[in-house]
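Asks: My structure is stored as structure_36.txt, with compact mmCIF, C-alpha atoms and all ligand atoms.
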```
# COMPACT_ATOMS: atom_id res chain seq x y z
CA MET A 12 103.74 79.64 108.28
CA LYS A 13 106.75 80.71 106.25
CA TYR A 14 109.27 82.92 108.08
CA ILE A 15 107.53 82.22 111.37
CA ASP A 16 107.56 78.51 112.22
CA GLU A 17 111.21 78.05 111.39
CA TYR A 18 112.11 80.87 113.75
CA ARG A 19 110.35 79.09 116.61
CA ASN A 20 112.35 75.87 116.41
CA LYS A 21 112.93 74.61 119.96
CA ASP A 22 116.10 72.63 119.21
CA LEU A 23 117.75 75.63 117.62
CA ALA A 24 116.66 77.80 120.55
CA LYS A 25 118.30 75.36 122.97
CA ARG A 26 121.50 75.42 120.97
CA ILE A 27 121.78 79.16 121.02
CA LEU A 28 120.88 79.36 124.71
CA LYS A 29 123.70 76.96 125.48
CA GLU A 30 126.04 79.21 123.55
CA ILE A 31 124.82 82.34 125.36
CA LYS A 32 125.45 80.61 128.69
CA ALA A 33 128.92 79.59 127.57
CA ILE A 34 130.07 83.12 126.68
CA SER A 35 128.21 85.24 129.26
CA VAL A 36 130.47 86.21 132.17
CA LYS A 37 129.70 89.85 133.04
CA ASN A 38 126.46 90.89 134.74
CA ILE A 39 124.67 92.98 132.12
CA SER A 40 121.35 94.73 131.46
CA LEU A 41 119.94 94.76 127.93
CA MET A 42 117.04 97.00 127.06
CA GLU A 43 114.47 96.08 124.45
CA VAL A 44 113.35 99.45 123.20
CA CYS A 45 110.41 98.39 121.10
CA GLY A 46 107.03 97.45 122.55
CA GLY A 47 106.70 94.66 119.97
CA HIS A 48 109.84 93.12 121.41
CA THR A 49 108.52 93.47 124.98
CA THR A 50 105.44 91.50 123.98
CA ALA A 51 107.41 88.82 122.14
CA ILE A 52 109.98 88.43 124.93
CA HIS A 53 107.28 87.80 127.53
CA LYS A 54 105.10 85.71 125.25
CA PHE A 55 107.95 83.29 124.63
CA GLY A 56 109.14 83.38 128.24
CA ILE A 57 112.64 84.44 127.24
CA PRO A 58 113.72 86.04 130.57
CA SER A 59 113.36 82.72 132.40
CA LEU A 60 115.55 80.94 129.85
CA LEU A 61 118.51 83.29 130.16
CA PRO A 62 121.40 82.88 132.60
CA ASP A 63 121.31 85.05 135.75
CA THR A 64 124.01 87.28 134.31
CA ILE A 65 121.59 88.78 131.76
CA LYS A 66 118.79 91.08 132.80
CA LEU A 67 116.24 92.37 130.28
CA LEU A 68 114.61 95.78 130.73
CA SER A 69 111.65 97.22 128.85
CA GLY A 70 112.14 100.62 127.29
CA PRO A 71 110.27 103.60 125.90
CA GLY A 72 109.14 102.02 122.62
CA CYS A 73 105.40 101.65 123.05
CA PRO A 74 103.84 104.65 121.27
CA VAL A 75 100.62 104.66 123.27
CA CYS A 76 102.59 104.41 126.52
CA VAL A 77 104.91 107.37 125.96
CA SER A 78 102.25 109.78 124.70
CA SER A 79 100.92 112.38 127.09
CA LYS A 80 97.61 112.55 128.86
CA ARG A 81 97.27 116.01 127.33
CA PHE A 82 97.36 114.35 123.89
CA ILE A 83 94.51 112.02 124.89
CA ASP A 84 92.57 114.94 126.39
CA GLN A 85 92.95 116.96 123.18
CA SER A 86 91.79 113.96 121.10
CA ILE A 87 88.76 113.70 123.37
CA ALA A 88 88.12 117.44 122.93
CA TYR A 89 88.11 116.98 119.13
CA SER A 90 85.72 114.03 119.46
CA ARG A 91 83.25 116.23 121.35
CA LEU A 92 82.83 118.59 118.39
CA LYS A 93 79.61 117.87 116.56
CA ASP A 94 81.08 118.09 113.07
CA VAL A 95 84.11 115.85 113.74
CA ILE A 96 84.65 112.17 113.05
CA ILE A 97 87.68 110.72 114.87
CA THR A 98 89.60 107.93 113.17
CA THR A 99 92.35 106.05 114.94
CA TYR A 100 94.09 102.75 115.61
CA GLY A 101 92.41 100.44 118.13
CA ASP A 102 94.49 100.68 121.31
CA LEU A 103 94.21 104.41 121.66
CA ILE A 104 90.53 104.60 122.40
CA ARG A 105 90.95 102.80 125.72
CA VAL A 106 93.72 105.03 127.09
CA PRO A 107 92.49 107.01 130.06
CA GLY A 108 92.69 110.78 129.72
CA SER A 109 92.25 113.15 132.68
CA THR A 110 88.53 112.52 133.14
CA SER A 111 87.42 110.39 130.18
CA SER A 112 88.63 108.18 127.35
CA LEU A 113 87.70 108.07 123.68
CA ARG A 114 85.80 104.86 124.36
CA GLN A 115 83.75 106.61 127.02
CA GLU A 116 83.01 109.40 124.53
CA ILE A 117 81.53 106.86 122.08
CA GLY A 118 78.99 106.13 124.82
CA THR A 119 77.97 109.79 124.86
CA GLY A 120 77.54 110.07 121.12
CA ALA A 121 80.98 110.88 119.69
CA ASP A 122 81.65 109.49 116.21
CA ILE A 123 84.90 107.56 116.69
CA ARG A 124 85.95 104.92 114.19
CA ILE A 125 88.76 102.43 114.53
CA VAL A 126 90.69 102.01 111.31
CA PHE A 127 93.37 99.60 110.15
CA SER A 128 95.11 102.21 108.03
CA ILE A 129 95.12 105.96 107.41
CA LEU A 130 93.87 105.06 103.93
CA ASP A 131 90.58 103.92 105.50
CA ALA A 132 90.36 107.29 107.23
CA LEU A 133 90.76 109.02 103.85
CA THR A 134 87.86 106.99 102.48
CA ILE A 135 85.74 108.02 105.47
CA ALA A 136 86.60 111.67 104.73
CA LYS A 137 85.56 111.27 101.09
CA ASP A 138 82.30 109.61 102.13
CA ASN A 139 81.47 112.36 104.65
CA PRO A 140 82.18 115.69 102.94
CA ASP A 141 80.13 117.65 105.49
CA LYS A 142 82.26 116.40 108.41
CA LYS A 143 85.82 117.04 109.50
CA VAL A 144 87.68 113.75 109.71
CA VAL A 145 90.54 113.81 112.21
CA PHE A 146 93.07 110.99 112.07
CA ILE A 147 94.97 110.54 115.32
CA GLY A 148 98.48 109.70 114.22
CA ILE A 149 100.55 107.87 116.75
CA GLY A 150 103.70 105.80 116.41
CA PHE A 151 107.39 105.98 115.61
CA GLU A 152 109.28 105.81 112.33
CA THR A 153 107.41 102.61 111.41
CA THR A 154 104.04 104.33 111.33
CA ALA A 155 104.95 107.94 110.55
CA PRO A 156 105.57 107.17 106.84
CA SER A 157 102.01 105.85 106.47
CA SER A 158 100.69 109.09 107.93
CA ALA A 159 102.96 110.96 105.53
CA ALA A 160 101.61 108.91 102.62
CA GLY A 161 98.06 109.64 103.81
CA ILE A 162 98.74 113.39 103.77
CA ILE A 163 100.43 113.23 100.35
CA ASN A 164 97.41 111.33 99.00
CA ALA A 165 94.95 113.74 100.62
CA ALA A 166 96.77 116.69 99.02
CA LYS A 167 96.84 114.99 95.62
CA GLU A 168 93.16 114.09 95.78
CA LYS A 169 92.32 117.53 97.25
CA ILE A 170 90.46 116.08 100.23
CA GLU A 171 89.76 119.23 102.19
CA ASN A 172 88.00 117.78 105.23
CA PHE A 173 90.87 115.57 106.39
CA TYR A 174 93.18 116.44 109.31
CA LEU A 175 96.06 114.76 111.07
CA TYR A 176 96.57 115.17 114.80
CA SER A 177 100.18 114.05 115.05
CA SER A 178 101.77 112.49 118.08
CA HIS A 179 104.39 110.80 115.90
CA LYS A 180 107.77 110.53 117.51
CA ILE A 181 111.23 109.33 116.54
CA MET A 182 113.28 106.75 118.34
CA PRO A 183 116.89 107.81 118.80
CA PRO A 184 116.28 110.78 121.18
CA PRO A 185 114.81 108.71 124.05
CA MET A 186 117.50 106.04 123.62
CA LYS A 187 120.14 108.72 124.14
CA ALA A 188 118.17 110.47 126.90
CA LEU A 189 118.08 107.27 128.95
CA ILE A 190 121.85 106.94 128.83
CA ASP A 191 122.24 110.64 129.67
CA GLU A 192 119.99 110.11 132.68
CA GLY A 193 122.30 107.41 133.92
CA VAL A 194 120.02 104.39 133.47
CA LYS A 195 122.32 101.38 133.63
CA ILE A 196 122.15 99.67 130.25
CA ASN A 197 124.93 97.73 128.53
CA GLY A 198 123.21 97.24 125.20
CA TYR A 199 120.06 97.87 123.23
CA ILE A 200 117.93 95.31 121.46
CA ALA A 201 117.12 97.92 118.83
CA PRO A 202 113.67 98.14 117.23
CA GLY A 203 113.15 95.97 114.15
CA HIS A 204 110.37 97.71 112.29
CA VAL A 205 111.54 101.25 113.06
CA SER A 206 114.89 100.23 111.55
CA THR A 207 113.18 98.76 108.48
CA ILE A 208 112.32 102.36 107.66
CA THR A 209 115.32 104.23 109.07
CA GLY A 210 118.16 101.81 108.43
CA SER A 211 120.90 101.17 110.97
CA GLY A 212 122.66 104.56 110.80
CA ILE A 213 120.39 106.21 113.38
CA TYR A 214 122.08 104.21 116.15
CA SER A 215 125.70 104.89 115.23
CA ASP A 216 125.95 107.70 117.82
CA ILE A 217 124.85 105.27 120.49
CA SER A 218 127.68 102.89 119.82
CA GLU A 219 130.30 105.48 118.84
CA LYS A 220 129.65 108.30 121.33
CA TYR A 221 128.04 106.39 124.18
CA GLY A 222 129.92 103.10 123.72
CA LEU A 223 126.79 100.96 123.87
CA SER A 224 126.11 97.86 121.81
CA CYS A 225 123.06 97.86 119.53
CA VAL A 226 121.61 94.88 117.70
CA ILE A 227 118.55 95.37 115.48
CA SER A 228 116.37 92.37 116.13
CA GLY A 229 113.46 90.51 114.60
CA PHE A 230 110.46 89.41 116.63
CA GLU A 231 110.56 85.61 116.73
CA PRO A 232 112.21 83.63 119.54
CA LEU A 233 115.26 82.68 117.47
CA ASP A 234 115.65 86.29 116.33
CA LEU A 235 115.61 87.56 119.90
CA LEU A 236 117.94 84.86 121.19
CA GLN A 237 120.37 85.43 118.36
CA SER A 238 120.29 89.18 119.04
CA ILE A 239 120.96 88.59 122.74
CA TYR A 240 123.85 86.32 121.74
CA MET A 241 125.28 89.02 119.46
CA LEU A 242 124.95 91.65 122.20
CA VAL A 243 126.58 89.45 124.84
CA LYS A 244 129.42 88.70 122.44
CA GLN A 245 129.98 92.40 121.68
CA ILE A 246 129.91 93.29 125.37
CA GLU A 247 132.22 90.45 126.46
CA ASP A 248 134.65 91.34 123.64
CA GLY A 249 134.42 95.08 124.44
CA THR A 250 133.54 95.99 120.85
CA PRO A 251 130.35 98.09 120.87
CA LYS A 252 128.85 98.48 117.43
CA VAL A 253 125.57 98.46 115.52
CA GLU A 254 124.68 95.09 114.02
CA ILE A 255 121.61 93.95 112.13
CA GLN A 256 120.23 90.57 113.16
CA TYR A 257 116.90 91.16 111.38
CA SER A 258 118.60 91.30 108.00
CA ARG A 259 115.68 89.74 106.16
CA ALA A 260 113.75 92.98 106.71
CA VAL A 261 116.31 95.65 107.60
CA LYS A 262 118.80 97.13 105.15
CA PRO A 263 121.55 99.47 106.37
CA GLN A 264 120.11 102.28 104.25
CA GLY A 265 116.49 101.64 105.37
CA ASN A 266 113.52 102.30 103.12
CA ARG A 267 114.44 105.40 101.08
CA LYS A 268 110.97 105.88 99.64
CA ALA A 269 109.36 105.90 103.07
CA LEU A 270 112.04 108.23 104.44
CA ALA A 271 111.51 110.62 101.53
CA MET A 272 107.77 110.73 102.27
CA MET A 273 108.42 111.51 105.93
CA ASP A 274 110.84 114.21 104.91
CA GLU A 275 108.35 115.72 102.49
CA VAL A 276 105.59 116.00 105.07
CA PHE A 277 107.10 116.36 108.57
CA ASP A 278 109.37 118.72 110.48
CA LEU A 279 110.99 117.81 113.78
CA ARG A 280 109.73 119.45 116.97
CA ASP A 281 110.43 119.10 120.67
CA ASP A 282 108.06 116.56 122.17
CA TRP A 283 107.06 115.19 125.57
CA TRP A 284 107.70 111.56 126.53
CA ARG A 285 106.19 109.86 129.57
CA GLY A 286 109.02 109.32 132.05
CA LEU A 287 111.52 111.41 130.12
CA GLY A 288 109.82 114.79 129.76
CA ILE A 289 110.48 117.08 126.80
CA LEU A 290 113.17 115.85 124.41
CA LYS A 291 114.61 118.08 121.74
CA ASP A 292 113.68 117.29 118.13
CA SER A 293 111.95 114.05 119.11
CA GLY A 294 108.48 114.59 117.63
CA LEU A 295 107.02 115.10 114.17
CA THR A 296 104.74 117.92 113.14
CA LEU A 297 103.33 118.74 109.69
CA LYS A 298 105.40 121.13 107.58
CA ASP A 299 103.88 124.55 106.96
CA LYS A 300 103.01 123.68 103.39
CA TYR A 301 100.67 120.98 104.71
CA SER A 302 99.24 123.08 107.56
CA SER A 303 95.73 122.97 106.03
CA PHE A 304 95.75 119.28 107.07
CA ASP A 305 97.01 119.98 110.59
CA ALA A 306 94.27 119.47 113.19
CA GLU A 307 96.22 121.49 115.76
CA LYS A 308 96.31 124.53 113.47
CA MET A 309 92.91 124.23 111.80
CA ILE A 310 90.51 123.05 114.53
CA GLN A 311 90.25 125.09 117.73
CA VAL A 312 89.33 123.25 120.91
CA ASP A 313 89.42 123.90 124.64
CA VAL A 314 91.33 121.16 126.41
CA GLU A 315 90.67 120.36 130.06
CA GLU A 316 93.39 120.72 132.65
CA THR A 317 95.62 117.65 132.80
CA ALA A 318 95.07 115.54 135.92
CA ASP A 319 97.99 113.84 137.72
CA ASP A 320 98.73 110.13 137.28
CA LYS A 321 97.50 108.78 140.58
CA GLY A 322 99.83 106.01 141.69
CA CYS A 323 100.74 104.94 138.15
CA ILE A 324 104.50 104.40 137.77
CA CYS A 325 104.43 103.92 133.99
CA GLY A 326 107.07 106.63 133.58
CA GLU A 327 109.60 104.76 135.74
CA ILE A 328 108.80 101.50 133.98
CA LEU A 329 109.39 103.05 130.55
CA LYS A 330 112.86 104.05 131.72
CA GLY A 331 113.70 100.53 132.85
CA LEU A 332 113.99 101.72 136.47
CA LYS A 333 111.03 99.75 137.73
CA SER A 334 109.10 96.67 136.73
CA PRO A 335 105.29 96.46 136.52
CA LYS A 336 105.31 94.25 139.60
CA ASP A 337 106.70 97.19 141.59
CA CYS A 338 103.42 99.05 141.01
CA LYS A 339 100.92 98.73 143.86
CA LEU A 340 98.04 98.96 141.40
CA PHE A 341 99.32 96.15 139.13
CA ASP A 342 96.82 93.28 138.92
CA THR A 343 94.78 94.78 141.77
CA VAL A 344 93.22 98.04 140.65
CA CYS A 345 94.88 98.10 137.21
CA THR A 346 94.13 95.29 134.73
CA PRO A 347 93.74 95.19 130.93
CA THR A 348 89.95 95.39 131.27
CA ASN A 349 90.22 98.30 133.70
CA PRO A 350 93.50 100.04 132.90
CA VAL A 351 94.74 102.91 135.05
CA GLY A 352 97.70 103.79 132.85
CA ALA A 353 98.65 103.56 129.19
CA CYS A 354 101.22 100.78 129.82
CA MET A 355 98.37 98.45 130.74
CA VAL A 356 96.18 99.44 127.78
CA SER A 357 98.49 98.88 124.89
CA HIS A 358 99.31 95.36 123.76
CA GLU A 359 102.86 96.61 123.48
CA GLY A 360 102.93 98.02 127.01
CA ALA A 361 105.16 96.42 129.63
CA CYS A 362 102.34 96.18 132.20
CA HIS A 363 100.02 94.52 129.70
CA ALA A 364 102.74 92.04 128.65
CA HIS A 365 103.58 91.18 132.27
CA TYR A 366 99.91 90.72 133.10
CA ARG A 367 99.23 88.48 130.14
CA TYR A 368 102.34 86.38 130.13
CA SER A 369 103.65 86.54 133.71
CA ARG A 370 103.43 82.77 133.99
CA ASN A 371 105.94 82.49 131.16
CA GLY A 372 108.64 84.18 133.26
CA MET B 11 97.18 98.55 95.83
CA ALA B 12 97.71 94.79 96.08
CA ILE B 13 96.04 91.85 97.78
CA VAL B 14 98.17 90.31 100.50
CA SER B 15 97.43 87.16 102.42
CA MET B 16 98.18 87.01 106.12
CA GLY B 17 97.59 83.71 107.89
CA GLY B 18 95.00 82.84 105.24
CA THR B 19 93.09 86.14 105.47
CA GLU B 20 93.33 88.57 102.58
CA TYR B 21 93.97 92.28 102.96
CA ASN B 22 94.44 95.25 100.67
CA ALA B 23 97.89 96.73 100.97
CA SER B 24 99.38 99.85 99.49
CA LEU B 25 102.64 99.36 97.63
CA GLN B 26 103.41 103.08 97.65
CA MET B 27 106.46 102.61 99.86
CA ILE B 28 108.31 99.78 98.14
CA GLU B 29 109.85 99.12 94.76
CA ASP B 30 110.22 96.08 92.50
CA VAL B 31 107.64 93.98 94.25
CA LYS B 32 106.00 91.14 92.35
CA VAL B 33 103.28 88.56 92.90
CA GLY B 34 104.50 85.86 95.29
CA ASP B 35 106.94 88.06 97.24
CA TYR B 36 106.79 88.11 101.01
CA ILE B 37 106.35 91.55 102.48
CA LEU B 38 106.30 93.23 105.85
CA LEU B 39 102.89 94.84 106.28
CA HIS B 40 102.31 97.73 108.67
CA THR B 41 99.13 99.82 109.01
CA GLY B 42 98.00 98.93 105.51
CA PHE B 43 101.33 99.61 103.79
CA ALA B 44 103.95 97.17 102.59
CA ILE B 45 107.05 98.63 104.25
CA GLN B 46 109.68 96.17 103.04
CA LYS B 47 110.17 93.05 100.98
CA ILE B 48 111.45 90.07 102.94
CA ASP B 49 114.89 89.17 101.65
CA GLU B 50 114.84 85.40 101.12
CA GLU B 51 118.61 85.00 101.02
CA GLU B 52 119.01 86.91 104.28
CA ALA B 53 116.19 84.88 105.82
CA LYS B 54 118.37 81.79 105.49
CA GLU B 55 121.42 83.45 107.09
CA ILE B 56 120.26 82.77 110.62
CA PHE B 57 120.33 79.04 109.98
CA LYS B 58 123.91 79.21 108.79
CA LEU B 59 124.77 80.69 112.16
CA PHE B 60 123.19 77.72 113.85
CA ASP B 61 125.33 75.36 111.84
CA GLU B 62 128.37 77.28 113.04
CA LEU B 63 127.10 77.17 116.60
CA GLU B 64 126.62 73.44 116.31
CA VAL B 65 130.33 73.05 115.71
CA ILE B 66 131.15 75.23 118.73
CA ASN B 67 128.61 73.38 120.86
CA GLN B 68 130.15 70.05 119.95
CA GLN B 69 133.56 71.37 120.95
CA ILE B 70 132.18 72.49 124.30
CA ASP B 71 130.54 69.11 124.81
CA GLU B 72 133.75 67.35 124.06
CA GLU B 73 135.73 69.58 126.39
CA GLU B 74 133.22 68.89 129.16
CA LYS B 75 133.37 65.17 128.54
CA GLY B 76 137.12 65.47 128.66
CA LYS B 77 136.93 67.18 132.03
CA LYS B 78 134.76 64.45 133.47
CA VAL B 79 137.21 61.77 132.48
CA VAL B 80 140.06 63.62 134.21
S1 LIG A 401 100.15 98.62 136.49
FE1 LIG A 401 98.76 100.22 135.75
S2 LIG A 401 98.94 101.85 137.21
FE2 LIG A 401 100.70 100.52 137.52
S3 LIG A 401 102.29 101.38 136.24
FE3 LIG A 401 101.25 99.86 135.00
S4 LIG A 401 99.71 101.02 133.90
FE4 LIG A 401 100.38 102.32 135.59
```
If you convert what's in this file into C-alpha cells, what do you get?

Replies:
Amino acid sequence: MKYIDEYRNKDLAKRILKEIKAISVKNISLMEVCGGHTTAIHKFGIPSLLPDTIKLLSGPGCPVCVSSKRFIDQSIAYSRLKDVIITTYGDLIRVPGSTSSLRQEIGTGADIRIVFSILDALTIAKDNPDKKVVFIGIGFETTAPSSAAGIINAAKEKIENFYLYSSHKIMPPPMKALIDEGVKINGYIAPGHVSTITGSGIYSDISEKYGLSCVISGFEPLDLLQSIYMLVKQIEDGTPKVEIQYSRAVKPQGNRKALAMMDEVFDLRDDWWRGLGILKDSGLTLKDKYSSFDAEKMIQVDVEETADDKGCICGEILKGLKSPKDCKLFDTVCTPTNPVGACMVSHEGACHAHYRYSRNG
Amino acid sequence: MAIVSMGGTEYNASLQMIEDVKVGDYILLHTGFAIQKIDEEEAKEIFKLFDELEVINQQIDEEEKGKKVV
C-alpha cells in the first residue's frame, strides 16, 4: 500500500539501526506520548532492536486511558435516561466505571450506538427527533476538531436534540507536568496526528524552557526509527529542539482550518488526568454560545460515587514510572477480554499493547 | 463529502477541514474527516536520508575493516 509498505522496508530499518547504535553513547529515556505510537512501537518490536542505552517509556497519550472514572460514570448515568441515545467511539463502551460499563448498560436496555464519526451521530439525532442524542467526545487535538465541526454543523442545521459530553483534552499540559514532576525523560517522541492539527509550535516551550528534545514522528517502523535517530543525535549533540520527522503530514503551522473550528467552539478548562491529577487549562469545554449543545449544562443526572481503582496502576504507567508488567493484575486478572483498567481496554493503552505484542519485545 | 478508499474499502469523508484537495490525492483520515493532505514531496524526504546514511554506514564499515587489519 502506498505510504505504508515503503516505510516498513527491513533493509532500510537495519541501516538506520546501525546508525543509531553508532551514535548512541549516553543512557537515555525517550517517551512516546501518543497511544498510537505505543501500539506501533510494540507491534513492530522496536524496543528489542534498540541498543541498551535507549529506553522507551509510554506516556499519557491514550485518551481513553487518561479520562476519569467519573467521566465514565456520568456517561453511564446519561445512558440510563429513557429519552437518551448515547453515541460514541468503540473503545469507550468497554471501559469499567465504578460499578458498570456502557457495554453492561446495553444489556439492561440502554440505547448506545458505536459510531465512526460525530457526523453519524448527527444523522442519528435527525432520525430520532423525540430523543436526546448525546455524543461522548473523547480525544486530543486530533479528534477535538471533528467534535467542533459536528457542533458547528448541528448549529447550522438547527439540530436541537444533539448534545456533546466533552472529555476532550490538549496535549502540551501533561507533557510539561511530567517534567515538572521529575519523571526522568531526555526526549519526547511527539504525537504525529495531534501535531497535524496543532503544528510544531506547541512544543517549543518544552525544548526552550525545559531543554528537552522533541521529534514529531509518523507511525511506521522507519518513521519511528528515524525519529529515535533524530532524538539521539540532538541529545548527544546537546542541542534540544523541535523537529518534524512526519513532514508528509505535519506542517509547522498545523491545520489552520481545524484550529479555527476548535477555537470557535471550545474554551479551555482545568481537567483531570489519570496519574497526573488536575492540570490547568488542559481540557476543552463548549463555549457559552454553544451551551445549548452541552450535555453537562442541559441534561441533569445523578452520578454515583466514584469507586477506587483496586490494584490498577494505570496512573503510574501513564507517567512512565512503571511498566504494565509491574502490575500484579496484568495477564492474570486483567486481560483485554476482562479489563480492570482503561489502559487494558484501549487499543492505544500501554497494557493492551504489552499484552498483545509482548512476544515482539 | 468525498469517497475515500482505505485498503480497498470505501468510506465517506468530510473535507470540511482541508483545502485544495482533488481526486487522487492521498489524505490522512481521522474520525470521518480528512485532516491533512499527504505531501508527496515530503514523503520522499525520508529516503534521501537513507541515502545519506548509506554513505556514513559505508565509512563506518571501512573504518571497522581498517581496524581489523591493524
Ligand atoms: S494491567 Fe490492568 S489493572 Fe494493571 S495497570 Fe494495566 S489496566 Fe490497570

Asks: Calculated over only C-alpha atoms and all ligand atoms, which of the candidates A:Asp84, A:Glu152, A:Glu219, A:Asp342 has the smallest distance to ligand LIG 401 (chain A)?

Replies: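 When distances to ligand LIG 401 (chain A) are compared using only C-alpha atoms and all ligand atoms, the smallest one comes from A:Asp342.
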
Asks: Find the nearest atom pair between each residue of chain B and chain A for residues within 7 Å, count all atoms listed in the file, give distances in Å to one decimal, sort rows by chain and ascending number, and present the table as CSV.

Replies:
```
residue,atom,partner,partner_atom,distance
B:Met27,CA,A:Ala269,CA,5.4
B:Ile28,CA,A:Lys268,CA,6.8
B:Thr41,CA,A:Ser128,CA,4.8
B:Gly42,CA,A:Ser128,CA,5.0
B:Phe43,CA,A:Ser157,CA,6.8
B:Gln46,CA,A:Ala260,CA,6.3
B:Lys47,CA,A:Ala260,CA,6.8
B:Ile48,CA,A:Ala260,CA,5.3
B:Asp49,CA,A:Arg259,CA,4.6
B:Glu50,CA,A:Arg259,CA,6.7
B:Glu52,CA,A:Arg259,CA,4.8
B:Ala53,CA,A:Arg259,CA,4.9
B:Phe60,CA,A:Leu23,CA,6.9
B:Asn67,CA,A:Glu30,CA,6.9
```

Asks: Could you tell me how far CA of Gly101 (chain A) sits from CA of Glu20 (chain B), in Å to one decimal place?

Replies: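 Going from CA of Glu20 (chain B) over to CA of Gly101 (chain A) covers 19.6 Å.
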
Asks: So which residues are near ligand LIG 401 (chain A), meaning at most 10 Å away with only C-alpha atoms and all ligand atoms counted, given back as a ChimeraX atom specification?

Replies: /A:76,106,320-329,333-347,349-357,360-363,365-366

Asks: Could you take the residues named above and write them with C-alpha atoms, as a short mmCIF file (atom, residue, chain, number, x, y, z; two decimals), in the coordinates of the input?

Replies:
```cif
data_model
loop_
_atom_site.label_atom_id
_atom_site.label_comp_id
_atom_site.auth_asym_id
_atom_site.auth_seq_id
_atom_site.Cartn_x
_atom_site.Cartn_y
_atom_site.Cartn_z
CA CYS A 76 102.59 104.41 126.52
CA VAL A 106 93.72 105.03 127.09
CA ASP A 320 98.73 110.13 137.28
CA LYS A 321 97.50 108.78 140.58
CA GLY A 322 99.83 106.01 141.69
CA CYS A 323 100.74 104.94 138.15
CA ILE A 324 104.50 104.40 137.77
CA CYS A 325 104.43 103.92 133.99
CA GLY A 326 107.07 106.63 133.58
CA GLU A 327 109.60 104.76 135.74
CA ILE A 328 108.80 101.50 133.98
CA LEU A 329 109.39 103.05 130.55
CA LYS A 333 111.03 99.75 137.73
CA SER A 334 109.10 96.67 136.73
CA PRO A 335 105.29 96.46 136.52
CA LYS A 336 105.31 94.25 139.60
CA ASP A 337 106.70 97.19 141.59
CA CYS A 338 103.42 99.05 141.01
CA LYS A 339 100.92 98.73 143.86
CA LEU A 340 98.04 98.96 141.40
CA PHE A 341 99.32 96.15 139.13
CA ASP A 342 96.82 93.28 138.92
CA THR A 343 94.78 94.78 141.77
CA VAL A 344 93.22 98.04 140.65
CA CYS A 345 94.88 98.10 137.21
CA THR A 346 94.13 95.29 134.73
CA PRO A 347 93.74 95.19 130.93
CA ASN A 349 90.22 98.30 133.70
CA PRO A 350 93.50 100.04 132.90
CA VAL A 351 94.74 102.91 135.05
CA GLY A 352 97.70 103.79 132.85
CA ALA A 353 98.65 103.56 129.19
CA CYS A 354 101.22 100.78 129.82
CA MET A 355 98.37 98.45 130.74
CA VAL A 356 96.18 99.44 127.78
CA SER A 357 98.49 98.88 124.89
CA GLY A 360 102.93 98.02 127.01
CA ALA A 361 105.16 96.42 129.63
CA CYS A 362 102.34 96.18 132.20
CA HIS A 363 100.02 94.52 129.70
CA HIS A 365 103.58 91.18 132.27
CA TYR A 366 99.91 90.72 133.10
#
```

Asks: Just how far from CA of His179 (chain A) is CA of Ser24 (chain B), in Å to one decimal?

Replies: 20.4 Å

Asks: Would you compute the distance between CA of Gly288 (chain A) and CA of Arg81 (chain A)? Give it in Å to one decimal.

Replies: 12.8 Å

Asks: Report as a list of chain:residue names all protein, DNA and RNA residues lying within 8 Å of Ile200 (chain A), evaluated on all atoms listed in the file, omitting residues in the same chain fewer than 4 positions from it.

Replies: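 After dropping sequence-adjacent residues, the list is A:Leu41, A:Met42, A:Glu43, A:Val44, A:Cys225, A:Val226, A:Ile227, A:Ser228, A:Ser238, A:Ile239, A:Leu242.
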
Asks: For a quick check of your reading of the model, name the residues lying within 9 Å of the coordinate (91.9, 104.9, 120.8), counting all atoms listed in the file, and write them as a PyMOL selection string.

Replies: chain A and resi 83+98-106+112-114+123-125+147

Asks: Please enclose the listed atoms of region 181-199 of chain A in an axis-aligned box, pad each side by 5 Å, and write out the centre and the three edge lengths in Å, rounded to one decimal, as lines of an AutoDock Vina configuration file.

Replies:
```
center_x = 118.1
center_y = 104.0
center_z = 125.2
size_x = 23.7
size_y = 23.5
size_z = 27.4
```

Asks: Choose the residue, out of B:His40, B:Glu51, B:Ile45, B:Ile13, that has the smallest atom-to-atom separation from Gln26 (chain B); count all atoms listed in the file.

Replies: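 Counting all atoms listed in the file, the residue closest to Gln26 (chain B) is B:Ile45.
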
Asks: Env of Val36 (chain A): 12 Å cut, atoms = all atoms listed in the file, seq-sep filter 3 positions within chain, self excluded. Answer as number ranges by chain.

Replies: A: 30-33, 39, 62-65, 243-244, 246-248

Asks: From the structure just shown, export region 17-24 of chain B with N, CA and C atoms as an mmCIF file, in the first residue's frame.

Replies:
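Just written: result_14.cif:
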```cif
data_model
loop_
_atom_site.group_PDB
_atom_site.id
_atom_site.type_symbol
_atom_site.label_atom_id
_atom_site.label_comp_id
_atom_site.auth_asym_id
_atom_site.auth_seq_id
_atom_site.Cartn_x
_atom_site.Cartn_y
_atom_site.Cartn_z
ATOM 1 N N GLY B 17 -7.358 0.803 2.061
ATOM 2 C CA GLY B 17 -7.104 -0.636 1.951
ATOM 3 C C GLY B 17 -8.171 -1.334 1.126
ATOM 4 N N GLY B 18 -8.711 -0.655 0.114
ATOM 5 C CA GLY B 18 -9.682 -1.275 -0.781
ATOM 6 C C GLY B 18 -11.135 -1.045 -0.353
ATOM 7 N N THR B 19 -11.346 -0.613 0.899
ATOM 8 C CA THR B 19 -12.718 -0.343 1.344
ATOM 9 C C THR B 19 -13.016 1.142 1.167
ATOM 10 N N GLU B 20 -14.244 1.446 0.762
ATOM 11 C CA GLU B 20 -14.564 2.855 0.531
ATOM 12 C C GLU B 20 -15.337 3.467 1.691
ATOM 13 N N TYR B 21 -14.980 4.690 2.028
ATOM 14 C CA TYR B 21 -15.643 5.407 3.116
ATOM 15 C C TYR B 21 -16.042 6.788 2.629
ATOM 16 N N ASN B 22 -17.027 7.361 3.317
ATOM 17 C CA ASN B 22 -17.366 8.766 3.117
ATOM 18 C C ASN B 22 -16.485 9.593 4.020
ATOM 19 N N ALA B 23 -15.908 10.650 3.507
ATOM 20 C CA ALA B 23 -15.104 11.508 4.384
ATOM 21 C C ALA B 23 -15.504 12.949 4.183
ATOM 22 N N SER B 24 -15.508 13.698 5.280
ATOM 23 C CA SER B 24 -15.799 15.120 5.163
ATOM 24 C C SER B 24 -14.514 15.858 4.816
#
```
